[in-house]
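Data from input.txt: compact mmCIF, C-alpha atoms
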```txt
# COMPACT_ATOMS: atom_id res chain seq x y z
CA MET A 557 -10.67 11.72 14.68
CA ALA A 558 -9.20 8.58 13.12
CA ALA A 559 -9.18 5.29 14.96
CA SER A 560 -5.97 3.90 16.42
CA PRO A 561 -3.28 2.93 13.91
CA PHE A 562 -2.58 -0.11 16.08
CA ARG A 563 -5.71 -2.07 15.16
CA PRO A 564 -5.40 -5.72 14.11
CA ALA A 565 -4.68 -6.51 10.46
CA LEU A 566 -8.18 -7.84 9.88
CA ASP A 567 -9.84 -4.63 11.08
CA LEU A 568 -7.43 -2.52 9.02
CA MET A 569 -8.06 -4.64 5.92
CA VAL A 570 -11.84 -4.42 6.40
CA GLN A 571 -11.76 -0.64 6.72
CA TYR A 572 -9.52 -0.30 3.66
CA ALA A 573 -11.63 -2.79 1.69
CA SER A 574 -14.74 -0.71 2.36
CA TYR A 575 -13.21 1.90 0.02
CA HIS A 576 -12.04 -0.70 -2.49
CA ARG A 577 -14.76 -3.05 -3.78
CA ASP A 578 -14.65 -2.29 -7.51
CA ARG A 579 -12.30 -4.75 -9.20
CA ARG A 580 -10.97 -2.04 -11.55
CA ASN A 581 -10.00 0.07 -8.56
CA ILE A 582 -8.22 -2.88 -6.97
CA ALA A 583 -6.44 -3.58 -10.29
CA THR A 584 -5.14 0.00 -10.50
CA HIS A 585 -3.89 -0.34 -6.93
CA PHE A 586 -1.83 -3.40 -7.89
CA VAL A 587 0.31 -1.06 -9.99
CA GLY A 588 -0.23 2.33 -8.34
CA ILE A 589 0.65 1.38 -4.77
CA PRO A 590 3.93 -0.37 -5.65
CA LEU A 591 4.86 2.64 -7.79
CA ILE A 592 4.21 4.96 -4.84
CA VAL A 593 6.27 2.79 -2.47
CA LEU A 594 9.08 2.62 -5.06
CA ALA A 595 8.95 6.42 -5.48
CA ILE A 596 9.15 6.96 -1.73
CA GLY A 597 12.23 4.74 -1.73
CA VAL A 598 13.80 6.76 -4.55
CA LEU A 599 13.01 10.07 -2.85
CA LEU A 600 14.30 9.00 0.58
CA ALA A 601 17.34 6.94 -0.46
CA PRO A 602 19.71 9.88 -0.91
CA ALA A 603 19.22 10.91 2.74
CA GLN A 604 21.82 8.87 4.61
CA LEU A 605 21.92 8.35 8.36
CA ILE A 606 25.39 7.52 9.65
CA MET A 607 25.48 5.90 13.06
CA GLY A 608 29.03 4.82 13.81
CA SER A 609 29.96 2.21 11.22
CA VAL A 610 26.34 1.79 10.08
CA ASN A 611 25.18 3.79 7.05
CA LEU A 612 21.41 3.59 6.64
CA SER A 613 19.29 5.48 4.13
CA ALA A 614 16.07 7.15 5.21
CA ALA A 615 14.30 4.75 2.80
CA TRP A 616 15.56 1.69 4.68
CA LEU A 617 14.81 3.36 8.03
CA LEU A 618 11.21 3.88 6.90
CA TRP A 619 11.14 0.24 5.75
CA LEU A 620 12.33 -0.91 9.20
CA LEU A 621 9.72 1.17 11.00
CA SER A 622 6.90 0.07 8.69
CA THR A 623 8.03 -3.56 8.98
CA ALA A 624 7.78 -3.33 12.77
CA TRP A 625 4.25 -2.00 12.34
CA TYR A 626 3.21 -4.72 9.82
CA LEU A 627 4.63 -7.49 12.00
CA THR A 628 2.71 -6.32 15.06
CA ARG A 629 -0.77 -6.21 13.47
CA GLY A 630 -1.51 -9.80 14.52
CA ASN A 631 -1.10 -11.57 11.17
CA LEU A 632 2.52 -12.65 10.85
CA ALA A 633 2.23 -14.12 7.33
CA LEU A 634 0.63 -10.98 5.92
CA GLY A 635 3.13 -8.78 7.77
CA LEU A 636 6.11 -10.77 6.50
CA ALA A 637 4.81 -10.83 2.93
CA THR A 638 4.12 -7.08 2.91
CA SER A 639 7.53 -6.33 4.39
CA ALA A 640 9.23 -8.59 1.82
CA VAL A 641 7.47 -6.86 -1.09
CA ASN A 642 8.36 -3.44 0.32
CA ALA A 643 12.00 -4.57 0.74
CA VAL A 644 12.17 -5.52 -2.93
CA LEU A 645 10.77 -2.10 -3.85
CA MET A 646 13.34 -0.35 -1.61
CA ALA A 647 16.13 -2.36 -3.24
CA LEU A 648 14.84 -1.44 -6.72
CA ALA A 649 14.75 2.22 -5.66
CA GLU A 650 18.48 2.39 -4.83
CA PRO A 651 19.84 2.41 -8.40
CA LEU A 652 17.29 5.05 -9.43
CA ALA A 653 18.30 7.18 -6.46
CA ALA A 654 22.02 6.85 -7.19
CA GLY A 655 22.15 9.14 -10.22
CA ASN A 656 21.72 12.86 -10.67
CA SER A 657 18.15 12.40 -11.89
CA TRP A 658 16.88 10.78 -8.68
CA LEU A 659 14.45 13.64 -8.00
CA ALA A 660 12.95 13.43 -11.49
CA TRP A 661 12.62 9.65 -11.17
CA GLY A 662 11.07 9.88 -7.72
CA VAL A 663 8.56 12.60 -8.54
CA SER A 664 7.60 11.03 -11.88
CA ILE A 665 7.04 7.57 -10.42
CA PHE A 666 5.15 9.04 -7.46
CA ALA A 667 2.87 11.05 -9.77
CA ALA A 668 2.23 8.03 -12.01
CA GLY A 669 1.28 5.94 -8.98
CA TRP A 670 -1.18 8.55 -7.74
CA VAL A 671 -2.71 9.04 -11.19
CA LEU A 672 -3.48 5.31 -11.22
CA GLN A 673 -4.93 5.54 -7.71
CA PHE A 674 -7.29 8.34 -8.69
CA ILE A 675 -8.34 6.55 -11.89
CA GLY A 676 -9.23 3.55 -9.73
CA HIS A 677 -11.23 5.67 -7.35
CA TYR A 678 -13.14 7.12 -10.28
CA TYR A 679 -14.33 3.56 -11.01
CA GLU A 680 -15.01 3.03 -7.31
CA GLY A 681 -17.00 6.22 -6.94
CA LYS A 682 -15.41 6.85 -3.53
CA LYS A 683 -12.55 8.92 -2.19
CA PRO A 684 -9.28 7.19 -1.21
CA ALA A 685 -9.24 5.62 2.28
CA PHE A 686 -6.42 7.82 3.57
CA VAL A 687 -8.66 10.88 3.28
CA ASP A 688 -10.59 9.65 6.32
CA ASP A 689 -7.73 7.85 8.08
CA LEU A 690 -4.05 8.51 7.33
CA VAL A 691 -3.15 4.97 8.43
CA GLY A 692 -4.60 3.98 5.06
CA LEU A 693 -1.25 5.04 3.59
CA LEU A 694 0.33 2.12 5.47
CA VAL A 695 -2.57 -0.25 4.89
CA GLY A 696 -2.50 0.20 1.10
CA PRO A 697 0.59 -1.98 0.56
CA MET A 698 -0.77 -4.57 3.01
CA PHE A 699 -4.10 -4.61 1.16
CA VAL A 700 -2.46 -5.15 -2.24
CA VAL A 701 -0.26 -7.95 -0.88
CA GLY A 702 -3.30 -9.45 0.85
CA GLU A 703 -5.34 -9.35 -2.36
CA ALA A 704 -2.48 -11.08 -4.22
CA LEU A 705 -2.30 -13.74 -1.51
CA PHE A 706 -6.08 -14.22 -1.59
CA ALA A 707 -5.84 -14.81 -5.35
CA LEU A 708 -3.24 -17.51 -4.64
CA GLY A 709 -5.55 -19.23 -2.15
CA TRP A 710 -4.03 -17.91 1.08
CA GLY A 711 -6.14 -16.36 3.84
CA ARG A 712 -9.55 -17.71 2.88
CA SER A 713 -10.94 -17.03 6.36
CA MET A 714 -9.68 -13.42 6.29
CA LEU A 715 -11.15 -12.88 2.82
CA ALA A 716 -14.47 -14.40 3.92
CA GLU A 717 -14.60 -12.09 6.95
CA ILE A 718 -13.76 -9.03 4.83
CA GLU A 719 -16.53 -9.94 2.39
CA ARG A 720 -18.95 -10.64 5.25
CA ARG A 721 -18.34 -7.14 6.64
CA VAL A 722 -18.12 -5.05 3.44
CA GLY A 723 -19.42 -7.30 0.66
CA PRO A 724 -17.76 -8.95 -2.33
CA THR A 725 -15.88 -7.14 -5.06
CA HIS A 726 -17.86 -6.04 -8.11
CA LEU A 727 -17.80 -3.85 -11.20
CA ARG A 728 -19.70 -0.64 -10.51
CA ASP A 729 -22.06 0.33 -13.30
CA LEU A 730 -20.75 3.71 -14.42
CA ALA A 731 -23.79 4.34 -16.63
CA HIS A 732 -26.14 3.93 -13.67
CA PRO A 733 -24.06 4.63 -10.54
CA ILE A 734 -25.63 4.24 -7.14
CA ALA A 735 -24.83 7.19 -4.87
```

Could you render the structure from this file as structure tokens?
Amino acid sequence: MAASPFRPALDLMVQYASYHRDRRNIATHFVGIPLIVLAIGVLLAPAQLIMGSVNLSAAWLLWLLSTAWYLTRGNLALGLATSAVNAVLMALAEPLAAGNSWLAWGVSIFAAGWVLQFIGHYYEGKKPAFVDDLVGLLVGPMFVVGEALFALGWGRSMLAEIERRVGPTHLRDLAHPIA
């Protein structure tokens, strides 16, 4: 049974990072995860919820729900940044969802994102985190945003604690992999 989805951001990031230490895997996630989020936006945007004078797509409803989750994980800056990135992706999804080819766009982008994820996990030598804990599907965008922020110098104490618990990033030797 998976642990609670309501763990603090640090614990969620540590668990996710334990599946993502190879720098090539992390690099593929910088493209793959945003593509998957964009695709979800494209696929959900056509479903409209009309509540009185408010017309809200299922994509924006999912964004609102995920934003509430990100903002309550105990790290406001990381939650805000992740929600902002996801909002940009939802906004980019709308024009792709507006035409007759929205399904083709959505499925194609989704597939491309997952192909990149699985290529990354080949380098990692481990299965994706969501296989063991479905909350990893929500943590993925937070992890990518966190990694980008770490690269910019933000969150040094969080990064240090992640590395203390699961080790630094590396390049796994594919010629001599360790089981």

Separation of CA of Ala716 in chain A from CA of Ala637 in chain A, in Å and rounded to one decimal: 19.6 Å

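Each of A:Leu659, A:Ser574, A:Thr584, A:Asp567 was checked against Val671 in chain A using all atoms listed in the file; the smallest atom-to-atom distance is that of A:Thr584.
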
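Using all atoms listed in the file, the residues found no farther than 10 Å from Ala640 in chain A, other than those of its own chain fewer than 6 positions away, are Trp619, Thr623, Leu634, Met646 and Val701 of chain A.
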
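When CA of Gln604 in chain A is paired with CA of Ser622 in chain A, their separation reads 17.8 Å.
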
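The neighbours of Val587 in chain A here are the residues that come within 9 Å of it, using all atoms listed in the file and leaving out any residue fewer than 6 positions away in the same chain; they are Gly669, Leu672 and Gln673 of chain A.
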
Hey, can you spit out that residue selection with C-alpha atoms as a compact mmCIF listing (two decimals), in the coordinates of the input?
```
# COMPACT_ATOMS: atom_id res chain seq x y z
CA GLY A 669 1.28 5.94 -8.98
CA LEU A 672 -3.48 5.31 -11.22
CA GLN A 673 -4.93 5.54 -7.71
```

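Summary of the local environment: counting all atoms listed in the file, residues at most 12 Å from Val722 in chain A, other than itself and those fewer than 6 positions away along its chain, are Asp567, Met569, Val570, Gln571, Tyr572, Ala573, Ser574, Tyr575, His576, Arg577, Asp578, Leu715 and Ala716 of chain A.
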
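Computed from the coordinates, the CA of Val593 in chain A to CA of Ile665 in chain A distance equals 9.3 Å.
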
Could you give me, as a JSON list (two decimals) with C-alpha atoms, in the frame of the given file, the residues within 9 Å of Ala654 in chain A, counting only C-alpha atoms and dropping anything in the same chain fewer than 6 positions from it?
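This is the output file part_16.json:
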```json
[["chain", "number", "residue", "atom", "x", "y", "z"],
["A", 598, "VAL", "CA", 13.80, 6.76, -4.55],
["A", 601, "ALA", "CA", 17.34, 6.94, -0.46],
["A", 602, "PRO", "CA", 19.71, 9.88, -0.91]]
```

Nearby residues (all atoms listed in the file) at most 10 Å from range 684-696 of chain A, same-chain spacing under 2 positions excluded, as a PyMOL selection string: chain A and resi 557-562+565+568-569+571-576+585-586+588-590+593+622+625-626+638+673-674+676-678+680-682+698-702

What does the file look like for those residues with C-alpha atoms, as a PDB file, keeping the file's coordinate frame?
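Contents of selection_5.pdb, as written:
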```pdb
ATOM      1  CA  MET A 557     -10.670  11.720  14.680  1.00  0.00           C
ATOM      2  CA  ALA A 558      -9.200   8.580  13.120  1.00  0.00           C
ATOM      3  CA  ALA A 559      -9.180   5.290  14.960  1.00  0.00           C
ATOM      4  CA  SER A 560      -5.970   3.900  16.420  1.00  0.00           C
ATOM      5  CA  PRO A 561      -3.280   2.930  13.910  1.00  0.00           C
ATOM      6  CA  PHE A 562      -2.580  -0.110  16.080  1.00  0.00           C
ATOM      7  CA  ALA A 565      -4.680  -6.510  10.460  1.00  0.00           C
ATOM      8  CA  LEU A 568      -7.430  -2.520   9.020  1.00  0.00           C
ATOM      9  CA  MET A 569      -8.060  -4.640   5.920  1.00  0.00           C
ATOM     10  CA  GLN A 571     -11.760  -0.640   6.720  1.00  0.00           C
ATOM     11  CA  TYR A 572      -9.520  -0.300   3.660  1.00  0.00           C
ATOM     12  CA  ALA A 573     -11.630  -2.790   1.690  1.00  0.00           C
ATOM     13  CA  SER A 574     -14.740  -0.710   2.360  1.00  0.00           C
ATOM     14  CA  TYR A 575     -13.210   1.900   0.020  1.00  0.00           C
ATOM     15  CA  HIS A 576     -12.040  -0.700  -2.490  1.00  0.00           C
ATOM     16  CA  HIS A 585      -3.890  -0.340  -6.930  1.00  0.00           C
ATOM     17  CA  PHE A 586      -1.830  -3.400  -7.890  1.00  0.00           C
ATOM     18  CA  GLY A 588      -0.230   2.330  -8.340  1.00  0.00           C
ATOM     19  CA  ILE A 589       0.650   1.380  -4.770  1.00  0.00           C
ATOM     20  CA  PRO A 590       3.930  -0.370  -5.650  1.00  0.00           C
ATOM     21  CA  VAL A 593       6.270   2.790  -2.470  1.00  0.00           C
ATOM     22  CA  SER A 622       6.900   0.070   8.690  1.00  0.00           C
ATOM     23  CA  TRP A 625       4.250  -2.000  12.340  1.00  0.00           C
ATOM     24  CA  TYR A 626       3.210  -4.720   9.820  1.00  0.00           C
ATOM     25  CA  THR A 638       4.120  -7.080   2.910  1.00  0.00           C
ATOM     26  CA  GLN A 673      -4.930   5.540  -7.710  1.00  0.00           C
ATOM     27  CA  PHE A 674      -7.290   8.340  -8.690  1.00  0.00           C
ATOM     28  CA  GLY A 676      -9.230   3.550  -9.730  1.00  0.00           C
ATOM     29  CA  HIS A 677     -11.230   5.670  -7.350  1.00  0.00           C
ATOM     30  CA  TYR A 678     -13.140   7.120 -10.280  1.00  0.00           C
ATOM     31  CA  GLU A 680     -15.010   3.030  -7.310  1.00  0.00           C
ATOM     32  CA  GLY A 681     -17.000   6.220  -6.940  1.00  0.00           C
ATOM     33  CA  LYS A 682     -15.410   6.850  -3.530  1.00  0.00           C
ATOM     34  CA  MET A 698      -0.770  -4.570   3.010  1.00  0.00           C
ATOM     35  CA  PHE A 699      -4.100  -4.610   1.160  1.00  0.00           C
ATOM     36  CA  VAL A 700      -2.460  -5.150  -2.240  1.00  0.00           C
ATOM     37  CA  VAL A 701      -0.260  -7.950  -0.880  1.00  0.00           C
ATOM     38  CA  GLY A 702      -3.300  -9.450   0.850  1.00  0.00           C
TER      39      GLY A 702
END
```

Spatial sel., origin (-17.0, -5.9, -13.8), limit 12 Å, all atoms listed in the file, listed as number ranges by chain: A: 577-583, 679-680, 724-730

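In terms of minimum interatomic distance to Thr628 in chain A, A:Pro564 ranks closest within A:Gly662, A:Pro651, A:Pro564, A:Gly608, counting all atoms listed in the file.
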
Residue with smallest distance to Arg629 in chain A - pool A:Leu566, A:Ala615, A:Leu591, A:Met607, counting all atoms listed in the file: A:Leu566
